[in-house]
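Okay, input35.tsv is below, TSV, C-alpha atoms:
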```
chain	number	residue	atom	x	y	z
A	298	MET	CA	92.01	99.65	139.85
A	299	GLU	CA	93.73	97.94	142.78
A	300	ALA	CA	97.36	96.91	142.98
A	301	PHE	CA	98.18	93.27	142.34
A	302	ALA	CA	98.41	91.14	145.48
A	303	PRO	CA	99.11	87.43	146.04
A	304	VAL	CA	96.23	84.98	145.89
A	305	PRO	CA	96.37	81.18	145.77
A	306	GLY	CA	97.98	80.26	142.46
A	307	GLY	CA	99.10	83.72	141.42
A	308	VAL	CA	98.52	87.41	141.93
A	309	ALA	CA	95.26	89.27	141.42
A	310	SER	CA	93.89	92.77	141.03
A	311	ARG	CA	90.37	94.08	141.31
A	312	LEU	CA	89.15	96.49	138.65
A	313	GLU	CA	85.96	98.49	138.26
A	314	GLU	CA	83.78	96.90	135.61
A	315	ASN	CA	84.14	99.80	133.20
A	316	GLU	CA	87.92	99.71	133.65
A	317	ARG	CA	87.99	96.02	132.84
A	318	VAL	CA	85.84	96.49	129.75
A	319	VAL	CA	87.90	99.39	128.39
A	320	LEU	CA	91.16	97.54	129.05
A	321	ALA	CA	89.85	94.45	127.27
A	322	ARG	CA	89.09	96.55	124.20
A	323	LEU	CA	92.54	98.12	124.37
A	324	PHE	CA	94.22	94.72	124.38
A	325	ALA	CA	91.94	93.47	121.59
A	326	ASP	CA	92.63	96.56	119.48
A	327	THR	CA	96.37	96.10	119.92
A	328	ALA	CA	96.05	92.52	118.67
A	329	GLU	CA	94.11	93.86	115.71
A	330	LEU	CA	96.90	96.36	115.05
A	331	LEU	CA	99.24	93.36	114.87
A	332	GLY	CA	97.00	91.83	112.23
A	333	SER	CA	95.02	89.32	114.34
A	334	PRO	CA	91.65	90.51	115.60
A	335	LEU	CA	90.62	88.54	118.68
A	336	THR	CA	87.44	86.52	118.26
A	337	GLY	CA	84.34	87.83	119.92
A	338	THR	CA	83.71	91.55	119.86
A	339	ALA	CA	83.92	93.62	123.00
A	340	GLU	CA	80.65	95.26	122.02
A	341	ASP	CA	78.91	92.01	122.96
A	342	ASP	CA	80.13	92.44	126.50
A	343	LEU	CA	79.60	96.12	127.04
A	344	PRO	CA	77.03	96.98	129.66
A	345	PRO	CA	74.22	99.03	128.06
A	346	ASP	CA	75.43	102.35	129.38
A	347	LEU	CA	78.83	101.89	127.77
A	348	ALA	CA	77.56	100.53	124.46
A	349	THR	CA	76.36	103.80	122.97
A	350	PRO	CA	78.35	104.98	119.91
A	351	ALA	CA	79.14	108.36	121.41
A	352	SER	CA	80.64	107.01	124.62
A	353	ALA	CA	83.92	108.51	125.77
A	354	GLU	CA	85.62	105.15	125.55
A	355	ASP	CA	84.62	104.80	121.90
A	356	ALA	CA	86.08	108.21	121.10
A	357	VAL	CA	89.33	107.39	122.83
A	358	LEU	CA	89.69	104.01	121.17
A	359	ALA	CA	88.79	105.50	117.79
A	360	ALA	CA	91.52	108.06	118.32
A	361	LEU	CA	94.04	105.25	118.56
A	362	ASP	CA	93.38	104.91	114.83
A	363	PHE	CA	94.69	101.44	114.21
A	364	GLU	CA	95.92	100.42	110.80
A	365	PRO	CA	97.12	96.80	110.78
A	366	GLY	CA	99.63	97.06	107.93
A	367	ALA	CA	101.94	94.30	106.75
A	368	GLY	CA	104.94	94.02	104.44
A	369	PRO	CA	108.70	93.66	104.25
A	370	ASP	CA	109.44	97.24	105.21
A	371	ALA	CA	109.19	98.80	108.64
A	372	PRO	CA	105.52	99.55	109.35
A	373	ALA	CA	104.44	103.08	108.50
A	374	ASP	CA	102.26	103.31	111.61
A	375	PRO	CA	104.58	104.55	114.38
A	376	ALA	CA	102.87	102.42	117.03
A	377	LEU	CA	103.20	99.26	114.98
A	378	ALA	CA	106.77	100.21	114.08
A	379	ARG	CA	107.59	100.33	117.79
A	380	LEU	CA	106.02	96.89	118.38
A	381	LEU	CA	107.96	95.48	115.40
A	382	PRO	CA	111.19	97.48	115.45
A	383	PRO	CA	114.20	96.94	113.14
A	384	MET	CA	116.69	94.27	114.16
A	385	SER	CA	119.66	96.26	112.84
A	386	ALA	CA	120.22	99.95	113.47
A	387	ASP	CA	122.93	100.51	110.86
A	388	ASP	CA	122.38	97.98	108.04
A	389	VAL	CA	119.14	98.52	106.14
A	390	GLU	CA	119.50	95.36	104.07
A	391	LEU	CA	120.16	93.22	107.13
A	392	ALA	CA	117.19	94.78	108.89
A	393	ALA	CA	114.95	93.94	105.92
A	394	GLU	CA	116.28	90.39	105.74
A	395	LEU	CA	115.76	89.79	109.45
A	396	ARG	CA	112.33	91.39	109.38
A	397	GLY	CA	111.29	89.01	106.61
A	398	LEU	CA	112.48	86.05	108.65
A	399	THR	CA	111.03	86.98	112.02
A	400	GLU	CA	108.18	89.48	111.81
A	401	GLN	CA	105.26	87.09	111.44
A	402	SER	CA	106.47	84.95	114.30
A	403	LEU	CA	106.88	88.04	116.46
A	404	ARG	CA	103.39	89.23	115.58
A	405	ASP	CA	101.97	85.82	116.50
A	406	THR	CA	103.85	85.74	119.80
A	407	LYS	CA	102.62	89.18	120.75
A	408	VAL	CA	99.03	88.39	119.79
A	409	GLY	CA	99.22	85.24	121.94
A	410	HIS	CA	100.24	87.32	124.96
A	411	LEU	CA	97.51	89.90	124.32
A	412	GLN	CA	94.90	87.20	123.91
A	413	GLN	CA	95.82	85.62	127.26
A	414	VAL	CA	95.28	88.90	129.06
A	415	TRP	CA	92.16	89.72	127.06
A	416	ARG	CA	90.53	86.42	128.03
A	417	GLU	CA	91.13	87.04	131.73
A	418	LEU	CA	89.88	90.63	131.45
A	419	ARG	CA	86.66	89.47	129.78
A	420	VAL	CA	86.03	86.64	132.23
A	421	PRO	CA	88.01	87.27	135.43
A	422	GLY	CA	88.75	84.10	137.33
A	423	GLY	CA	89.78	85.59	140.66
A	424	PRO	CA	88.01	86.04	143.98
A	425	ASP	CA	85.24	88.68	143.84
A	426	GLY	CA	85.74	89.16	140.11
A	427	ALA	CA	89.41	90.06	140.37
A	428	VAL	CA	91.65	89.44	137.36
A	429	VAL	CA	94.27	86.80	138.11
A	430	VAL	CA	97.77	86.43	136.74
A	431	ARG	CA	98.28	82.72	137.31
A	432	GLY	CA	101.77	81.46	138.16
A	433	GLY	CA	103.66	80.94	134.89
A	434	THR	CA	101.67	83.51	132.91
A	435	GLU	CA	103.38	86.61	134.26
A	436	ARG	CA	105.69	86.79	131.26
A	437	ALA	CA	102.73	87.00	128.88
A	438	TRP	CA	101.04	89.62	131.05
A	439	LEU	CA	104.12	91.79	131.42
A	440	SER	CA	104.87	91.65	127.69
A	441	ALA	CA	101.26	92.38	126.72
A	442	LEU	CA	101.08	95.30	129.14
A	443	THR	CA	104.30	96.65	127.67
A	444	ASP	CA	102.98	96.39	124.13
A	445	VAL	CA	99.73	98.17	124.97
A	446	ARG	CA	101.68	100.93	126.75
A	447	LEU	CA	104.00	101.23	123.73
A	448	VAL	CA	100.98	101.80	121.48
A	449	LEU	CA	99.46	104.40	123.82
A	450	ALA	CA	102.81	106.17	124.11
A	451	ALA	CA	103.17	106.25	120.33
A	452	ARG	CA	99.70	107.75	119.96
A	453	LEU	CA	100.62	110.34	122.60
A	454	GLY	CA	103.78	111.22	120.68
A	455	VAL	CA	106.13	110.08	123.45
A	456	GLU	CA	109.65	110.00	122.01
A	457	ASP	CA	111.84	110.65	125.03
A	458	ASP	CA	111.79	110.70	128.83
A	459	ALA	CA	110.63	114.34	128.88
A	460	ASP	CA	107.61	113.45	126.75
A	461	ALA	CA	106.79	110.57	129.11
A	462	GLU	CA	107.02	112.86	132.14
A	463	ALA	CA	104.65	115.30	130.46
A	464	VAL	CA	102.12	112.49	129.93
A	465	TYR	CA	102.24	111.50	133.61
A	466	ALA	CA	101.83	115.15	134.61
A	467	ARG	CA	98.86	115.49	132.28
A	468	ALA	CA	97.28	112.35	133.76
A	469	GLN	CA	97.70	113.69	137.28
A	470	LEU	CA	95.95	116.92	136.35
A	471	GLY	CA	92.88	115.03	135.15
A	472	PRO	CA	90.87	115.02	138.39
A	473	LEU	CA	91.69	118.70	138.96
A	474	ARG	CA	90.21	119.83	135.67
A	475	SER	CA	86.54	119.61	136.57
A	476	GLY	CA	86.21	123.36	137.20
A	477	GLU	CA	87.89	124.45	133.97
A	478	PRO	CA	86.16	125.81	130.88
A	479	ALA	CA	85.20	123.03	128.49
A	480	ARG	CA	88.17	121.45	126.74
A	481	SER	CA	88.02	120.43	123.11
A	482	ARG	CA	87.07	116.87	122.29
A	483	GLU	CA	90.64	116.29	121.08
A	484	GLU	CA	92.04	117.53	124.40
A	485	GLU	CA	89.62	115.32	126.31
A	486	VAL	CA	90.67	112.32	124.27
A	487	THR	CA	94.35	113.07	124.85
A	488	ASP	CA	93.64	113.46	128.57
A	489	ALA	CA	91.94	110.06	128.56
A	490	LEU	CA	94.83	108.43	126.68
A	491	ALA	CA	97.29	109.97	129.15
A	492	THR	CA	95.24	108.70	132.08
A	493	MET	CA	95.08	105.20	130.61
A	494	TYR	CA	98.82	105.21	129.94
A	495	ALA	CA	99.64	106.34	133.49
A	496	ALA	CA	97.22	103.83	135.01
A	497	LEU	CA	98.62	100.93	132.99
A	498	THR	CA	102.18	101.96	133.93
A	499	TRP	CA	101.23	101.92	137.60
A	500	TRP	CA	99.40	98.60	137.18
A	501	GLN	CA	102.37	96.96	135.47
A	502	GLU	CA	104.71	98.21	138.18
A	503	SER	CA	102.37	96.76	140.81
A	504	LEU	CA	102.41	93.40	139.01
A	505	LEU	CA	106.21	93.37	139.00
A	506	GLU	CA	106.27	94.19	142.70
A	507	ALA	CA	103.78	91.48	143.58
A	508	LEU	CA	105.56	88.65	141.81
A	509	PRO	CA	107.37	86.35	144.27
A	510	PHE	CA	110.86	87.10	143.09
A	511	ALA	CA	110.39	90.79	143.79
A	512	GLU	CA	110.63	89.96	147.48
A	513	GLY	CA	114.15	88.72	147.08
A	514	GLY	CA	113.37	85.13	146.21
A	515	GLY	CA	115.75	85.36	143.22
B	218	MET	CA	111.79	81.31	126.11
B	219	LEU	CA	114.26	81.15	128.95
B	220	ARG	CA	117.96	81.03	128.08
B	221	ALA	CA	120.54	79.99	130.66
B	222	PRO	CA	124.11	81.35	130.41
B	223	THR	CA	126.35	79.03	128.36
B	224	THR	CA	129.94	78.12	129.17
B	225	ASP	CA	132.68	80.18	127.56
B	226	ARG	CA	133.74	78.28	124.46
B	227	ALA	CA	134.76	79.68	121.07
B	228	GLY	CA	131.86	80.67	118.91
B	229	SER	CA	129.20	80.27	121.60
B	230	ALA	CA	127.08	83.02	123.07
B	231	VAL	CA	128.67	84.45	126.20
B	232	PRO	CA	126.72	86.39	128.83
B	233	ALA	CA	127.75	90.02	128.65
B	234	GLU	CA	129.14	90.05	132.21
B	235	GLN	CA	131.81	87.45	131.42
B	236	ALA	CA	132.57	89.02	128.04
B	237	GLU	CA	133.07	92.44	129.59
B	238	GLN	CA	135.36	91.08	132.28
B	239	ALA	CA	137.49	89.43	129.57
B	240	GLU	CA	137.65	92.71	127.68
B	241	GLN	CA	138.75	94.66	130.70
B	242	ALA	CA	141.60	92.20	131.37
B	243	THR	CA	143.40	93.20	128.17
B	244	SER	CA	144.16	96.64	126.79
B	245	ALA	CA	145.11	95.56	123.25
B	246	PRO	CA	142.42	94.68	120.72
B	247	GLU	CA	141.69	90.95	120.78
B	248	ALA	CA	142.85	88.97	117.75
B	249	VAL	CA	139.89	86.92	116.63
B	250	PRO	CA	139.64	84.73	113.53
B	251	GLU	CA	136.46	86.57	112.47
B	252	ARG	CA	134.42	89.42	113.87
B	253	GLY	CA	131.78	88.21	116.25
B	254	TRP	CA	128.40	89.73	116.82
B	255	ARG	CA	126.65	91.27	119.78
B	256	THR	CA	123.16	92.17	120.94
B	257	VAL	CA	122.55	95.78	121.94
B	258	VAL	CA	119.51	96.86	123.96
B	259	TRP	CA	118.49	100.49	123.50
B	260	ASN	CA	116.91	102.82	126.05
B	261	ASP	CA	113.31	103.87	125.50
B	262	PRO	CA	111.00	106.16	127.46
B	263	VAL	CA	108.25	103.58	128.03
B	264	ASN	CA	109.89	100.56	129.58
B	265	LEU	CA	110.02	100.38	133.37
B	266	MET	CA	113.46	99.92	134.91
B	267	SER	CA	112.03	97.09	137.00
B	268	TYR	CA	110.73	95.41	133.85
B	269	VAL	CA	114.00	95.70	131.93
B	270	THR	CA	115.77	94.16	134.94
B	271	TYR	CA	113.17	91.36	134.98
B	272	VAL	CA	113.79	90.66	131.27
B	273	PHE	CA	117.57	90.54	131.68
B	274	ARG	CA	117.22	88.23	134.66
B	275	THR	CA	114.66	85.82	133.27
B	276	TYR	CA	115.81	85.64	129.63
B	277	PHE	CA	119.58	85.74	130.05
B	278	GLY	CA	119.60	84.08	133.45
B	279	HIS	CA	121.65	86.86	135.04
B	280	PRO	CA	121.68	87.31	138.82
B	281	GLU	CA	119.61	90.28	139.97
B	282	ALA	CA	122.69	92.49	140.53
B	283	VAL	CA	124.04	91.90	137.01
B	284	ALA	CA	120.63	92.39	135.42
B	285	ARG	CA	120.23	95.65	137.30
B	286	ARG	CA	123.68	96.87	136.31
B	287	LEU	CA	122.96	96.23	132.63
B	288	MET	CA	119.59	97.96	132.96
B	289	LEU	CA	121.24	101.01	134.51
B	290	GLN	CA	123.75	101.08	131.67
B	291	VAL	CA	120.89	101.13	129.16
B	292	HIS	CA	119.18	103.84	131.17
B	293	ARG	CA	122.21	106.08	131.66
B	294	GLU	CA	124.21	105.50	128.49
B	295	GLY	CA	121.34	104.92	126.09
B	296	ARG	CA	122.38	101.36	125.22
B	297	ALA	CA	124.15	98.28	126.55
B	298	VAL	CA	125.64	95.12	125.08
B	299	VAL	CA	123.72	92.23	126.61
B	300	SER	CA	125.14	89.23	124.76
B	301	ARG	CA	127.87	88.27	122.31
B	302	GLY	CA	128.32	85.35	119.94
B	303	PRO	CA	127.50	84.09	116.45
B	304	ARG	CA	125.08	86.20	114.43
B	305	GLU	CA	122.43	83.52	114.47
B	306	GLN	CA	122.34	83.47	118.27
B	307	MET	CA	122.25	87.26	118.41
B	308	GLU	CA	119.26	87.23	116.06
B	309	VAL	CA	117.49	84.91	118.48
B	310	ASP	CA	118.30	87.22	121.39
B	311	VAL	CA	117.14	90.34	119.52
B	312	ALA	CA	113.88	88.69	118.51
B	313	ALA	CA	113.37	87.65	122.11
B	314	MET	CA	113.96	91.20	123.33
B	315	HIS	CA	111.36	92.43	120.83
B	316	SER	CA	108.89	89.84	122.10
B	317	TYR	CA	109.31	91.44	125.54
B	318	GLY	CA	108.75	94.92	124.09
B	319	LEU	CA	112.34	96.08	124.40
B	320	TRP	CA	114.19	97.39	121.37
B	321	ALA	CA	117.42	95.58	120.51
B	322	THR	CA	119.64	95.29	117.46
B	323	VAL	CA	122.44	93.04	116.22
B	324	GLU	CA	125.88	94.56	115.70
B	325	GLN	CA	129.21	93.28	114.55
B	326	GLU	CA	132.02	93.57	117.07
B	327	ASP	CA	134.46	96.38	116.39
```

Since I need it in another form, could you write the structure as structure tokens?
Amino acid sequence: MEAFAPVPGGVASRLEENERVVLARLFADTAELLGSPLTGTAEDDLPPDLATPASAEDAVLAALDFEPGAGPDAPADPALARLLPPMSADDVELAAELRGLTEQSLRDTKVGHLQQVWRELRVPGGPDGAVVVRGGTERAWLSALTDVRLVLAARLGVEDDADAEAVYARAQLGPLRSGEPARSREEEVTDALATMYAALTWWQESLLEALPFAEGGG
Amino acid sequence: MLRAPTTDRAGSAVPAEQAEQAEQATSAPEAVPERGWRTVVWNDPVNLMSYVTYVFRTYFGHPEAVARRLMLQVHREGRAVVSRGPREQMEVDVAAMHSYGLWATVEQED
């Protein structure tokens, strides 16, 4: 996973193929969580060695345990609740009223952003297969990246800055674990989620830094 | 959707920077015909400081320095008022913040 860098028409980043495939599924699964599965299954695109049911990526994505949910109340699923948070903190009736008025539109907007990124991840349009964030689409990309990171963080139980720091620390330990006694499947899955979360955080930061205004263009 | 700062007229949404300067100029509570509303953005452990600054700059149209100051207030104090005005406009702003992945709520002014 390379940092984003300017290319004609936008900024681009090169990913390993397996990274691109896993990320595409992550974005598709988040759209499904919001109630709108993206057309075309990722399984169609998986290279043979990643398509086996017992692959690590399958276990990780299964652990994300998506339940779409819908209704006038705040979603029960903590990840979905964070994507569709209450619009009032102190007036339950107002929050319910505003949720009824705005939630579907918000879901649709978020799915639109996720779908834009998903399409580029599935069929990268950049030089040498790099994924490109074309000028004018950075808002969709940044919002979609945020939503995917919010879901991962919810699954990892991140509730405060200390929890987030622990996730980054866990991700950094990943490569150092190869000599340790075998970890449980659950621990391996959590390690993988932490690694994905840290990688996506870094990737989003690199996108922000690469955008033209970040160099003081205002 | 981009939103440029509006001029300061009664009942319209006012960028937080101008509203806060007006507040600081008086020590007595302002007499207003009815309580206005405000948009509050809350801190969260996931959002990047650079991203929150980007949102405040591109959605509210704030200069970089103002956007960054508001972001730091969210980060350090746990929340910041980012706009003020009629409830309907605050609802639009809150929904927009949610579309960016921030968490915001509407509040009535004290």

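Taking atom CA of Arg446 of chain A and atom CA of Leu473 of chain A as the two end points, the separation is 23.8 Å.
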
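Closest to Val272 of chain B among B:Gly295, B:Pro303, B:Gly318, B:Gly253 is B:Gly318, based on only C-alpha atoms.
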
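Residue nearest chain A, chosen from B:Glu251, B:Asp310, B:Glu294, B:Asp327 and counting all atoms listed in the file: B:Asp310.
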
Using all atoms listed in the file and a cut-off of 12 Å, which residues of chain B sit close to chain A? Please list them as a ChimeraX atom specification. /B:218-219,254-272,274-276,278-282,284,292-293,295,304-305,307-325

A:Gln469, A:Gln401, A:Ser481, A:Thr492: which is nearest Ser333 of chain A, counting only C-alpha atoms? A:Gln401

If I put a ball of radius 12 Å at (85.1, 98.6, 136.0) in the file's coordinates, which residues poke into it when counting all atoms listed in the file, written as a ChimeraX atom specification? /A:298-299,310-321,343-344,347,418-419,421,426-428

Suppose we keep C-alpha atoms; can you now write the selection as a PDB file, in the frame of the given file?
```pdb
ATOM      1  CA  MET A 298      92.010  99.650 139.850  1.00  0.00           C
ATOM      2  CA  GLU A 299      93.730  97.940 142.780  1.00  0.00           C
ATOM      3  CA  SER A 310      93.890  92.770 141.030  1.00  0.00           C
ATOM      4  CA  ARG A 311      90.370  94.080 141.310  1.00  0.00           C
ATOM      5  CA  LEU A 312      89.150  96.490 138.650  1.00  0.00           C
ATOM      6  CA  GLU A 313      85.960  98.490 138.260  1.00  0.00           C
ATOM      7  CA  GLU A 314      83.780  96.900 135.610  1.00  0.00           C
ATOM      8  CA  ASN A 315      84.140  99.800 133.200  1.00  0.00           C
ATOM      9  CA  GLU A 316      87.920  99.710 133.650  1.00  0.00           C
ATOM     10  CA  ARG A 317      87.990  96.020 132.840  1.00  0.00           C
ATOM     11  CA  VAL A 318      85.840  96.490 129.750  1.00  0.00           C
ATOM     12  CA  VAL A 319      87.900  99.390 128.390  1.00  0.00           C
ATOM     13  CA  LEU A 320      91.160  97.540 129.050  1.00  0.00           C
ATOM     14  CA  ALA A 321      89.850  94.450 127.270  1.00  0.00           C
ATOM     15  CA  LEU A 343      79.600  96.120 127.040  1.00  0.00           C
ATOM     16  CA  PRO A 344      77.030  96.980 129.660  1.00  0.00           C
ATOM     17  CA  LEU A 347      78.830 101.890 127.770  1.00  0.00           C
ATOM     18  CA  LEU A 418      89.880  90.630 131.450  1.00  0.00           C
ATOM     19  CA  ARG A 419      86.660  89.470 129.780  1.00  0.00           C
ATOM     20  CA  PRO A 421      88.010  87.270 135.430  1.00  0.00           C
ATOM     21  CA  GLY A 426      85.740  89.160 140.110  1.00  0.00           C
ATOM     22  CA  ALA A 427      89.410  90.060 140.370  1.00  0.00           C
ATOM     23  CA  VAL A 428      91.650  89.440 137.360  1.00  0.00           C
TER      24      VAL A 428
END
```

What is the atom CA of Ala309 of chain A to atom CA of Leu470 of chain A distance in Å? 28.1 Å

Best match for closeness to Leu508 of chain A among A:Arg431, A:Arg474, A:Arg480, A:Arg416, counting all atoms listed in the file: A:Arg431

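Between atom CA of Val464 of chain A and atom CA of Val291 of chain B lies a distance of 22.0 Å.
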
Segment 449-473 of chain A written out with N, CA and C atoms as a PDB file, in the first residue's frame:
```pdb
ATOM      1  N   LEU A 449     -14.815  -0.475  11.493  1.00  0.00           N
ATOM      2  CA  LEU A 449     -13.723  -1.284  12.052  1.00  0.00           C
ATOM      3  C   LEU A 449     -13.498  -0.935  13.517  1.00  0.00           C
ATOM      4  N   ALA A 450     -13.481   0.367  13.810  1.00  0.00           N
ATOM      5  CA  ALA A 450     -13.249   0.794  15.190  1.00  0.00           C
ATOM      6  C   ALA A 450     -14.353   0.281  16.105  1.00  0.00           C
ATOM      7  N   ALA A 451     -15.578   0.308  15.633  1.00  0.00           N
ATOM      8  CA  ALA A 451     -16.688  -0.195  16.449  1.00  0.00           C
ATOM      9  C   ALA A 451     -16.512  -1.688  16.721  1.00  0.00           C
ATOM     10  N   ARG A 452     -16.109  -2.426  15.712  1.00  0.00           N
ATOM     11  CA  ARG A 452     -15.911  -3.872  15.882  1.00  0.00           C
ATOM     12  C   ARG A 452     -14.763  -4.153  16.829  1.00  0.00           C
ATOM     13  N   LEU A 453     -13.781  -3.240  16.860  1.00  0.00           N
ATOM     14  CA  LEU A 453     -12.631  -3.398  17.752  1.00  0.00           C
ATOM     15  C   LEU A 453     -12.912  -2.848  19.141  1.00  0.00           C
ATOM     16  N   GLY A 454     -14.124  -2.317  19.348  1.00  0.00           N
ATOM     17  CA  GLY A 454     -14.481  -1.808  20.667  1.00  0.00           C
ATOM     18  C   GLY A 454     -13.806  -0.502  21.026  1.00  0.00           C
ATOM     19  N   VAL A 455     -13.435   0.295  20.019  1.00  0.00           N
ATOM     20  CA  VAL A 455     -12.777   1.574  20.285  1.00  0.00           C
ATOM     21  C   VAL A 455     -13.815   2.581  20.743  1.00  0.00           C
ATOM     22  N   GLU A 456     -13.672   3.059  21.979  1.00  0.00           N
ATOM     23  CA  GLU A 456     -14.622   4.048  22.498  1.00  0.00           C
ATOM     24  C   GLU A 456     -13.951   5.352  22.863  1.00  0.00           C
ATOM     25  N   ASP A 457     -12.639   5.335  23.052  1.00  0.00           N
ATOM     26  CA  ASP A 457     -11.954   6.576  23.403  1.00  0.00           C
ATOM     27  C   ASP A 457     -10.549   6.550  22.803  1.00  0.00           C
ATOM     28  N   ASP A 458      -9.809   7.650  23.027  1.00  0.00           N
ATOM     29  CA  ASP A 458      -8.490   7.774  22.410  1.00  0.00           C
ATOM     30  C   ASP A 458      -7.549   6.670  22.898  1.00  0.00           C
ATOM     31  N   ALA A 459      -7.690   6.261  24.160  1.00  0.00           N
ATOM     32  CA  ALA A 459      -6.816   5.197  24.683  1.00  0.00           C
ATOM     33  C   ALA A 459      -7.061   3.882  23.940  1.00  0.00           C
ATOM     34  N   ASP A 460      -8.330   3.592  23.661  1.00  0.00           N
ATOM     35  CA  ASP A 460      -8.655   2.382  22.902  1.00  0.00           C
ATOM     36  C   ASP A 460      -8.030   2.441  21.515  1.00  0.00           C
ATOM     37  N   ALA A 461      -8.105   3.624  20.880  1.00  0.00           N
ATOM     38  CA  ALA A 461      -7.551   3.777  19.535  1.00  0.00           C
ATOM     39  C   ALA A 461      -6.039   3.572  19.557  1.00  0.00           C
ATOM     40  N   GLU A 462      -5.375   4.131  20.570  1.00  0.00           N
ATOM     41  CA  GLU A 462      -3.930   3.951  20.696  1.00  0.00           C
ATOM     42  C   GLU A 462      -3.574   2.482  20.845  1.00  0.00           C
ATOM     43  N   ALA A 463      -4.394   1.760  21.608  1.00  0.00           N
ATOM     44  CA  ALA A 463      -4.132   0.327  21.805  1.00  0.00           C
ATOM     45  C   ALA A 463      -4.257  -0.437  20.489  1.00  0.00           C
ATOM     46  N   VAL A 464      -5.193  -0.026  19.645  1.00  0.00           N
ATOM     47  CA  VAL A 464      -5.361  -0.682  18.341  1.00  0.00           C
ATOM     48  C   VAL A 464      -4.126  -0.454  17.475  1.00  0.00           C
ATOM     49  N   TYR A 465      -3.637   0.794  17.443  1.00  0.00           N
ATOM     50  CA  TYR A 465      -2.439   1.080  16.641  1.00  0.00           C
ATOM     51  C   TYR A 465      -1.247   0.280  17.166  1.00  0.00           C
ATOM     52  N   ALA A 466      -1.124   0.190  18.489  1.00  0.00           N
ATOM     53  CA  ALA A 466      -0.017  -0.567  19.078  1.00  0.00           C
ATOM     54  C   ALA A 466      -0.117  -2.040  18.691  1.00  0.00           C
ATOM     55  N   ARG A 467      -1.342  -2.563  18.733  1.00  0.00           N
ATOM     56  CA  ARG A 467      -1.552  -3.955  18.362  1.00  0.00           C
ATOM     57  C   ARG A 467      -1.194  -4.192  16.901  1.00  0.00           C
ATOM     58  N   ALA A 468      -1.544  -3.234  16.033  1.00  0.00           N
ATOM     59  CA  ALA A 468      -1.233  -3.359  14.610  1.00  0.00           C
ATOM     60  C   ALA A 468       0.272  -3.365  14.388  1.00  0.00           C
ATOM     61  N   GLN A 469       0.981  -2.528  15.142  1.00  0.00           N
ATOM     62  CA  GLN A 469       2.429  -2.444  14.972  1.00  0.00           C
ATOM     63  C   GLN A 469       3.126  -3.714  15.414  1.00  0.00           C
ATOM     64  N   LEU A 470       2.524  -4.428  16.364  1.00  0.00           N
ATOM     65  CA  LEU A 470       3.131  -5.656  16.862  1.00  0.00           C
ATOM     66  C   LEU A 470       2.984  -6.805  15.880  1.00  0.00           C
ATOM     67  N   GLY A 471       2.067  -6.661  14.917  1.00  0.00           N
ATOM     68  CA  GLY A 471       1.743  -7.750  14.010  1.00  0.00           C
ATOM     69  C   GLY A 471       2.949  -8.460  13.421  1.00  0.00           C
ATOM     70  N   PRO A 472       3.817  -7.701  12.721  1.00  0.00           N
ATOM     71  CA  PRO A 472       4.964  -8.338  12.059  1.00  0.00           C
ATOM     72  C   PRO A 472       5.930  -8.974  13.050  1.00  0.00           C
ATOM     73  N   LEU A 473       5.876  -8.596  14.321  1.00  0.00           N
ATOM     74  CA  LEU A 473       6.821  -9.126  15.294  1.00  0.00           C
ATOM     75  C   LEU A 473       6.336 -10.414  15.933  1.00  0.00           C
TER      76      LEU A 473
END
```
